[in-house]
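Q: work.pdb is reproduced below (PDB, C-alpha atoms and all ligand atoms).
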ATOM      1  CA  MET F   1       0.000   0.000   0.000
ATOM      2  CA  ALA F   2       1.289   3.438  -0.913
ATOM      3  CA  THR F   3       1.669   6.136   1.717
ATOM      4  CA  GLY F   4       1.981   9.869   1.502
ATOM      5  CA  HIS F   5      -0.013  13.055   1.698
ATOM      6  CA  ILE F   6      -1.236  14.345  -1.659
ATOM      7  CA  LEU F   7      -2.636  17.848  -1.985
ATOM      8  CA  ILE F   8      -5.248  18.188  -4.733
ATOM      9  CA  VAL F   9      -5.696  21.762  -5.968
ATOM     10  CA  GLU F  10      -8.787  21.725  -8.140
ATOM     11  CA  ASP F  11     -11.818  23.985  -8.415
ATOM     12  CA  GLU F  12     -14.106  21.363  -9.956
ATOM     13  CA  GLU F  13     -15.501  19.439  -7.030
ATOM     14  CA  GLU F  14     -16.406  16.346  -9.063
ATOM     15  CA  ILE F  15     -12.873  15.964 -10.348
ATOM     16  CA  ALA F  16     -11.425  16.566  -6.897
ATOM     17  CA  ASP F  17     -13.752  13.924  -5.402
ATOM     18  CA  LEU F  18     -12.820  11.416  -8.071
ATOM     19  CA  LEU F  19      -9.092  11.975  -7.560
ATOM     20  CA  ARG F  20      -9.498  11.801  -3.809
ATOM     21  CA  ASP F  21     -11.304   8.456  -4.057
ATOM     22  CA  TYR F  22      -8.684   6.925  -6.312
ATOM     23  CA  LEU F  23      -5.775   8.255  -4.255
ATOM     24  CA  SER F  24      -7.368   7.053  -0.988
ATOM     25  CA  ASN F  25      -7.937   3.622  -2.484
ATOM     26  CA  ALA F  26      -4.269   3.523  -3.444
ATOM     27  CA  GLY F  27      -3.371   4.232   0.198
ATOM     28  CA  TYR F  28      -2.632   7.963   0.067
ATOM     29  CA  THR F  29      -4.004  10.645   2.324
ATOM     30  CA  ALA F  30      -5.553  13.292   0.083
ATOM     31  CA  SER F  31      -6.422  16.886   0.928
ATOM     32  CA  TRP F  32      -8.287  19.269  -1.314
ATOM     33  CA  LEU F  33      -8.076  23.020  -1.880
ATOM     34  CA  GLU F  34     -10.258  24.787  -4.419
ATOM     35  CA  ASN F  35      -8.920  28.342  -4.231
ATOM     36  CA  GLY F  36      -5.442  29.177  -5.513
ATOM     37  CA  ASP F  37      -4.821  31.783  -2.822
ATOM     38  CA  ALA F  38      -4.881  29.124  -0.094
ATOM     39  CA  VAL F  39      -2.207  26.871  -1.591
ATOM     40  CA  VAL F  40       1.131  28.486  -0.689
ATOM     41  CA  PRO F  41       0.196  29.110   2.971
ATOM     42  CA  TYR F  42      -1.136  25.550   3.202
ATOM     43  CA  VAL F  43       2.041  24.037   1.740
ATOM     44  CA  LYS F  44       4.250  26.081   4.084
ATOM     45  CA  LYS F  45       2.272  24.841   7.070
ATOM     46  CA  ASN F  46       1.509  21.228   6.121
ATOM     47  CA  THR F  47       4.299  20.125   3.736
ATOM     48  CA  PRO F  48       2.392  17.534   1.669
ATOM     49  CA  ASN F  49       4.459  14.928  -0.227
ATOM     50  CA  LEU F  50       3.103  15.876  -3.650
ATOM     51  CA  ILE F  51       0.768  18.448  -5.214
ATOM     52  CA  LEU F  52      -1.648  17.878  -8.087
ATOM     53  CA  LEU F  53      -1.984  21.415  -9.331
ATOM     54  CA  ASP F  54      -4.741  22.555 -11.663
ATOM     55  CA  ILE F  55      -3.845  25.627 -13.715
ATOM     56  CA  LEU F  56      -7.119  27.496 -14.068
ATOM     57  CA  LEU F  57      -8.283  28.289 -10.552
ATOM     58  CA  PRO F  58     -10.144  31.000  -8.693
ATOM     59  CA  GLY F  59      -7.542  33.221  -7.014
ATOM     60  CA  THR F  60      -3.861  32.663  -7.838
ATOM     61  CA  ASP F  61      -3.466  30.426 -10.899
ATOM     62  CA  GLY F  62      -1.499  27.186 -10.947
ATOM     63  CA  ILE F  63       1.427  28.671 -12.860
ATOM     64  CA  GLU F  64       1.984  31.410 -10.313
ATOM     65  CA  ILE F  65       1.505  28.939  -7.442
ATOM     66  CA  CYS F  66       4.152  26.611  -8.885
ATOM     67  CA  ARG F  67       6.544  29.521  -9.257
ATOM     68  CA  GLU F  68       5.954  30.604  -5.658
ATOM     69  CA  ILE F  69       6.395  27.104  -4.233
ATOM     70  CA  ARG F  70       9.673  26.587  -6.105
ATOM     71  CA  LYS F  71      11.110  29.581  -4.265
ATOM     72  CA  PHE F  72      11.097  27.641  -1.013
ATOM     73  CA  SER F  73      10.491  23.972  -1.773
ATOM     74  CA  SER F  74      11.319  21.170  -4.201
ATOM     75  CA  ILE F  75       8.145  19.258  -3.291
ATOM     76  CA  PRO F  76       7.001  17.221  -6.322
ATOM     77  CA  ILE F  77       4.360  19.023  -8.404
ATOM     78  CA  ILE F  78       2.225  17.519 -11.154
ATOM     79  CA  MET F  79       0.549  20.252 -13.199
ATOM     80  CA  VAL F  80      -2.953  19.609 -14.489
ATOM     81  CA  THR F  81      -4.070  21.414 -17.609
ATOM     82  CA  ALA F  82      -7.186  21.393 -19.751
ATOM     83  CA  LYS F  83      -5.226  21.826 -22.995
ATOM     84  CA  VAL F  84      -2.441  19.738 -24.497
ATOM     85  CA  GLU F  85      -1.118  22.906 -26.173
ATOM     86  CA  GLU F  86      -0.669  24.475 -22.762
ATOM     87  CA  ILE F  87       1.924  21.884 -21.808
ATOM     88  CA  ASP F  88       4.373  23.532 -24.224
ATOM     89  CA  ARG F  89       3.738  26.869 -22.616
ATOM     90  CA  ILE F  90       4.146  25.474 -19.107
ATOM     91  CA  ILE F  91       7.444  23.850 -20.064
ATOM     92  CA  GLY F  92       8.545  27.072 -21.743
ATOM     93  CA  LEU F  93       7.919  28.975 -18.541
ATOM     94  CA  GLU F  94      10.469  26.785 -16.768
ATOM     95  CA  LEU F  95       8.379  26.395 -13.682
ATOM     96  CA  GLY F  96      10.192  23.370 -12.326
ATOM     97  CA  ALA F  97       7.106  21.139 -12.251
ATOM     98  CA  ASP F  98       7.862  17.412 -12.274
ATOM     99  CA  ASP F  99       5.156  16.133 -14.558
ATOM    100  CA  TYR F 100       2.123  17.282 -16.542
ATOM    101  CA  VAL F 101      -1.316  15.737 -16.907
ATOM    102  CA  CYS F 102      -3.889  16.834 -19.446
ATOM    103  CA  LYS F 103      -7.644  16.912 -18.868
ATOM    104  CA  PRO F 104      -9.664  14.850 -19.408
ATOM    105  CA  PHE F 105      -7.498  12.259 -17.682
ATOM    106  CA  SER F 106      -8.152   8.821 -16.323
ATOM    107  CA  PRO F 107      -7.835   8.867 -12.524
ATOM    108  CA  LYS F 108      -5.923   5.589 -12.783
ATOM    109  CA  GLU F 109      -3.328   7.279 -14.982
ATOM    110  CA  VAL F 110      -3.007  10.138 -12.503
ATOM    111  CA  VAL F 111      -2.474   7.693  -9.629
ATOM    112  CA  SER F 112       0.263   5.902 -11.565
ATOM    113  CA  ARG F 113       1.969   9.227 -12.317
ATOM    114  CA  VAL F 114       1.757  10.127  -8.623
ATOM    115  CA  LYS F 115       3.325   6.791  -7.730
ATOM    116  CA  ALA F 116       6.108   7.205 -10.272
ATOM    117  CA  VAL F 117       6.985  10.722  -9.143
ATOM    118  CA  LEU F 118       6.920   9.764  -5.465
ATOM    119  CA  ARG F 119       8.916   6.590  -6.047
ATOM    120  CA  ARG F 120      11.885   8.562  -7.230
ATOM    121  CA  CYS F 121      11.538  11.199  -4.517
ATOM    122  CA  LEU F 122      10.945   8.925  -1.559
ATOM    123  CA  SER F 123      13.134   6.050  -2.676
ATOM    124  CA  GLU F 124      14.896   4.135   0.038
ATOM    125  CA  PRO F 125      18.076   5.651   1.371
ATOM    126  CA  SER F 126      21.189   3.855   0.190
ATOM    127  CA  GLU F 127      23.890   5.805   2.058
ATOM    128  CA  LYS F 128      25.571   6.661  -1.163
ATOM    129  CA  VAL F 129      27.399   9.760  -2.198
ATOM    130  CA  LEU F 130      28.102  10.091  -5.910
ATOM    131  CA  ARG F 131      30.926  12.395  -6.983
ATOM    132  CA  ALA F 132      32.409  13.896 -10.082
ATOM    133  CA  GLY F 133      35.176  16.298  -9.174
ATOM    134  CA  PRO F 134      33.673  19.078  -7.086
ATOM    135  CA  VAL F 135      30.108  17.840  -7.694
ATOM    136  CA  ARG F 136      28.724  15.700  -4.867
ATOM    137  CA  LEU F 137      25.290  14.136  -4.700
ATOM    138  CA  ASN F 138      24.093  12.579  -1.449
ATOM    139  CA  GLU F 139      21.329  10.071  -2.115
ATOM    140  CA  ASP F 140      20.344   9.958   1.556
ATOM    141  CA  THR F 141      19.838  13.628   2.147
ATOM    142  CA  TYR F 142      19.075  14.637  -1.463
ATOM    143  CA  GLN F 143      21.752  17.284  -1.143
ATOM    144  CA  VAL F 144      23.784  18.272  -4.141
ATOM    145  CA  THR F 145      26.835  20.463  -3.718
ATOM    146  CA  VAL F 146      29.305  21.995  -6.142
ATOM    147  CA  ASN F 147      32.522  23.154  -4.495
ATOM    148  CA  ASP F 148      30.578  22.897  -1.207
ATOM    149  CA  ASN F 149      27.836  25.236  -2.418
ATOM    150  CA  GLU F 150      24.445  23.610  -2.095
ATOM    151  CA  LEU F 151      22.227  23.518  -5.202
ATOM    152  CA  ASN F 152      18.467  23.799  -4.999
ATOM    153  CA  LEU F 153      17.359  21.143  -7.501
ATOM    154  CA  THR F 154      13.880  19.958  -8.429
ATOM    155  CA  PRO F 155      13.251  16.220  -7.956
ATOM    156  CA  SER F 156      13.522  15.728 -11.745
ATOM    157  CA  GLU F 157      16.852  17.536 -11.961
ATOM    158  CA  PHE F 158      18.083  15.482  -9.033
ATOM    159  CA  ALA F 159      17.028  12.210 -10.704
ATOM    160  CA  ILE F 160      18.778  13.149 -13.962
ATOM    161  CA  LEU F 161      21.975  14.191 -12.234
ATOM    162  CA  ARG F 162      21.935  10.990 -10.176
ATOM    163  CA  ALA F 163      21.627   8.866 -13.323
ATOM    164  CA  LEU F 164      24.456  10.741 -15.062
ATOM    165  CA  LEU F 165      26.743  10.742 -12.013
ATOM    166  CA  ALA F 166      26.281   7.008 -11.482
ATOM    167  CA  HIS F 167      27.906   6.332 -14.881
ATOM    168  CA  PRO F 168      30.271   9.152 -15.877
ATOM    169  CA  GLY F 169      31.033   9.115 -19.582
ATOM    170  CA  ARG F 170      28.148   6.855 -20.476
ATOM    171  CA  VAL F 171      25.729   8.309 -22.997
ATOM    172  CA  PHE F 172      22.102   8.347 -21.894
ATOM    173  CA  SER F 173      19.330   8.700 -24.432
ATOM    174  CA  ARG F 174      16.513  11.115 -23.661
ATOM    175  CA  ALA F 175      14.131   8.160 -23.503
ATOM    176  CA  HIS F 176      16.320   6.509 -20.901
ATOM    177  CA  LEU F 177      16.483   9.678 -18.832
ATOM    178  CA  ILE F 178      12.749  10.292 -19.022
ATOM    179  CA  ASN F 179      12.276   6.768 -17.759
ATOM    180  CA  ARG F 180      14.626   7.461 -14.851
ATOM    181  CA  VAL F 181      12.780  10.633 -14.071
ATOM    182  CA  GLN F 182       9.199   9.566 -14.552
ATOM    183  CA  GLY F 183       9.340   5.817 -14.213
ATOM    184  CA  TYR F 184       7.837   5.232 -17.644
ATOM    185  CA  ASP F 185       8.544   5.917 -21.295
ATOM    186  CA  PHE F 186       6.642   8.644 -23.036
ATOM    187  CA  GLU F 187       8.031   9.836 -26.324
ATOM    188  CA  GLY F 188       6.144  13.121 -26.317
ATOM    189  CA  TYR F 189       7.791  14.142 -23.085
ATOM    190  CA  GLU F 190      11.375  13.756 -24.266
ATOM    191  CA  ARG F 191      11.784  17.464 -24.719
ATOM    192  CA  THR F 192      11.084  17.940 -21.003
ATOM    193  CA  ILE F 193      14.476  16.285 -20.502
ATOM    194  CA  ASP F 194      16.144  19.047 -22.524
ATOM    195  CA  PHE F 195      14.359  21.548 -20.348
ATOM    196  CA  HIS F 196      15.457  19.891 -17.094
ATOM    197  CA  ILE F 197      19.030  19.530 -18.390
ATOM    198  CA  LYS F 198      19.125  23.182 -19.316
ATOM    199  CA  ASN F 199      18.114  24.194 -15.803
ATOM    200  CA  LEU F 200      20.490  21.696 -14.241
ATOM    201  CA  ARG F 201      23.408  23.057 -16.269
ATOM    202  CA  LYS F 202      22.526  26.579 -15.273
ATOM    203  CA  LYS F 203      22.489  25.682 -11.578
ATOM    204  CA  VAL F 204      25.734  23.687 -11.678
ATOM    205  CA  SER F 205      27.583  26.279 -13.756
ATOM    206  CA  GLU F 206      26.892  28.951 -11.182
ATOM    207  CA  TYR F 207      29.564  27.349  -8.991
ATOM    208  CA  LEU F 208      31.531  25.640 -11.757
ATOM    209  CA  PRO F 209      31.715  28.286 -14.462
ATOM    210  CA  ASN F 210      34.598  26.923 -16.532
ATOM    211  CA  HIS F 211      33.478  23.376 -17.092
ATOM    212  CA  ASP F 212      30.219  22.106 -18.540
ATOM    213  CA  ILE F 213      29.850  18.697 -16.869
ATOM    214  CA  ILE F 214      26.752  17.731 -18.860
ATOM    215  CA  ARG F 215      27.506  17.378 -22.571
ATOM    216  CA  SER F 216      24.974  16.713 -25.262
ATOM    217  CA  VAL F 217      25.806  13.942 -27.693
ATOM    218  CA  TYR F 218      24.331  14.879 -31.031
ATOM    219  CA  GLY F 219      21.420  12.679 -32.051
ATOM    220  CA  VAL F 220      21.721  10.496 -28.968
ATOM    221  CA  GLY F 221      21.342  12.257 -25.658
ATOM    222  CA  TYR F 222      23.558  13.341 -22.793
ATOM    223  CA  LYS F 223      26.591  12.281 -20.844
ATOM    224  CA  LEU F 224      28.479  13.494 -17.836
ATOM    225  CA  VAL F 225      32.081  14.615 -18.248
ATOM    226  CA  PRO F 226      33.785  15.068 -14.879
ATOM    227  CA  PRO F 227      36.187  17.994 -14.605
ATOM    228  CA  GLU F 228      39.906  17.140 -14.468
TER     229      GLU F 228
HETATM  230 CA    CA E 301      -9.837  24.490 -13.093
END
Could you write out this file's structure as structure tokens?
A:
Amino acid sequence: MATGHILIVEDEEEIADLLRDYLSNAGYTASWLENGDAVVPYVKKNTPNLILLDILLPGTDGIEICREIRKFSSIPIIMVTAKVEEIDRIIGLELGADDYVCKPFSPKEVVSRVKAVLRRCLSEPSEKVLRAGPVRLNEDTYQVTVNDNELNLTPSEFAILRALLAHPGRVFSRAHLINRVQGYDFEGYERTIDFHIKNLRKKVSEYLPNHDIIRSVYGVGYKLVPPE
């Protein structure tokens, strides 16, 4: 049985009820908020394990909420949108969300996405520290440091960096990385990997300006090149 506290942010009561039923049946504790203004204060106070975040809401919209939450937390966020076309826009805004679900969705599909995202965030501690030169990733504490400066990574960025650091020099395809990040293959989401990599590079390069540790391999994917 799964465990964890899922916050559903959704202004359509029927959808919220449906999600709550499915999540409860899967073993999760589910809370529901219908107004966007209530979300950030709630998250600061209650720290849920994952947020299912609708975009169009009364009060603050989902995009602004995601942006606000990322200022203080890397809690997993799955954005919910009514339009496939909006996914491009959401990705373009670089909000740091971990996954995207389009309405109408099957509640079963949402539950499996929730499971996949949580699996990689709450995976069992293995007491391992991965290193590449000045880059250190602690799998127990989810801390990543570069020259002892701590990076604030999203769960997806963390998962990608962990995969790359575990096998320096090995080339990972986008499909492989998306599977590491989301726990399943989904061709249409491969470009989200490019987006996560871009953000990851930006964060690492802040403290390691003269060496790009993540290299793209044309037509294949990415690999990690440790600094000398
Ligand atoms: Ca809505």
Q: Go through F:Arg120, F:His211, F:Lys202, F:Lys83 and flag the residue nearest ligand CA 301 (chain E), using only C-alpha atoms and all ligand atoms for the distances.
A: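 Closest to ligand CA 301 (chain E), using only C-alpha atoms and all ligand atoms: F:Lys83.
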Q: Counting all atoms listed in the file, which of F:Leu153, F:Val117, F:Glu14, F:Ile63 gets nearest to Asn179 (chain F)?
A: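 Counting all atoms listed in the file, the residue closest to Asn179 (chain F) is F:Val117.
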Q: Kindly provide, as a PyMOL selection string, all nucleotide and amino acid residues lying within 7 Å of ligand CA 301 (chain E), counting only C-alpha atoms and all ligand atoms.
A: chain F and resi 10-12+54-57
Q: Report the residues retrieved by the PyMOL selection byres (((chain F and resi 70) around 12) and not hetatm) from the displayed file, expressed as an MDAnalysis selection string.
A: chainID F and resid 40 43:44 63:69 71:77 94:98 152:155
Q: Using only C-alpha atoms, can you list as a list in words the residues within 8 Å of (-4.5, 21.6, -20.1)?
A: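 Residues with an atom at most 8 Å from (-4.5, 21.6, -20.1): Ile55, Val80, Thr81, Ala82, Lys83, Val84, Glu85, Glu86, Ile87, Val101, Cys102 and Lys103 of chain F.
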Q: Looking at F:Ile51, F:Thr192, F:Leu7, F:Lys45, which one is nearest to Ala30 (chain F), with distances taken over all atoms listed in the file?
A: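 With all atoms listed in the file as the atom set, the closest residue is F:Leu7.
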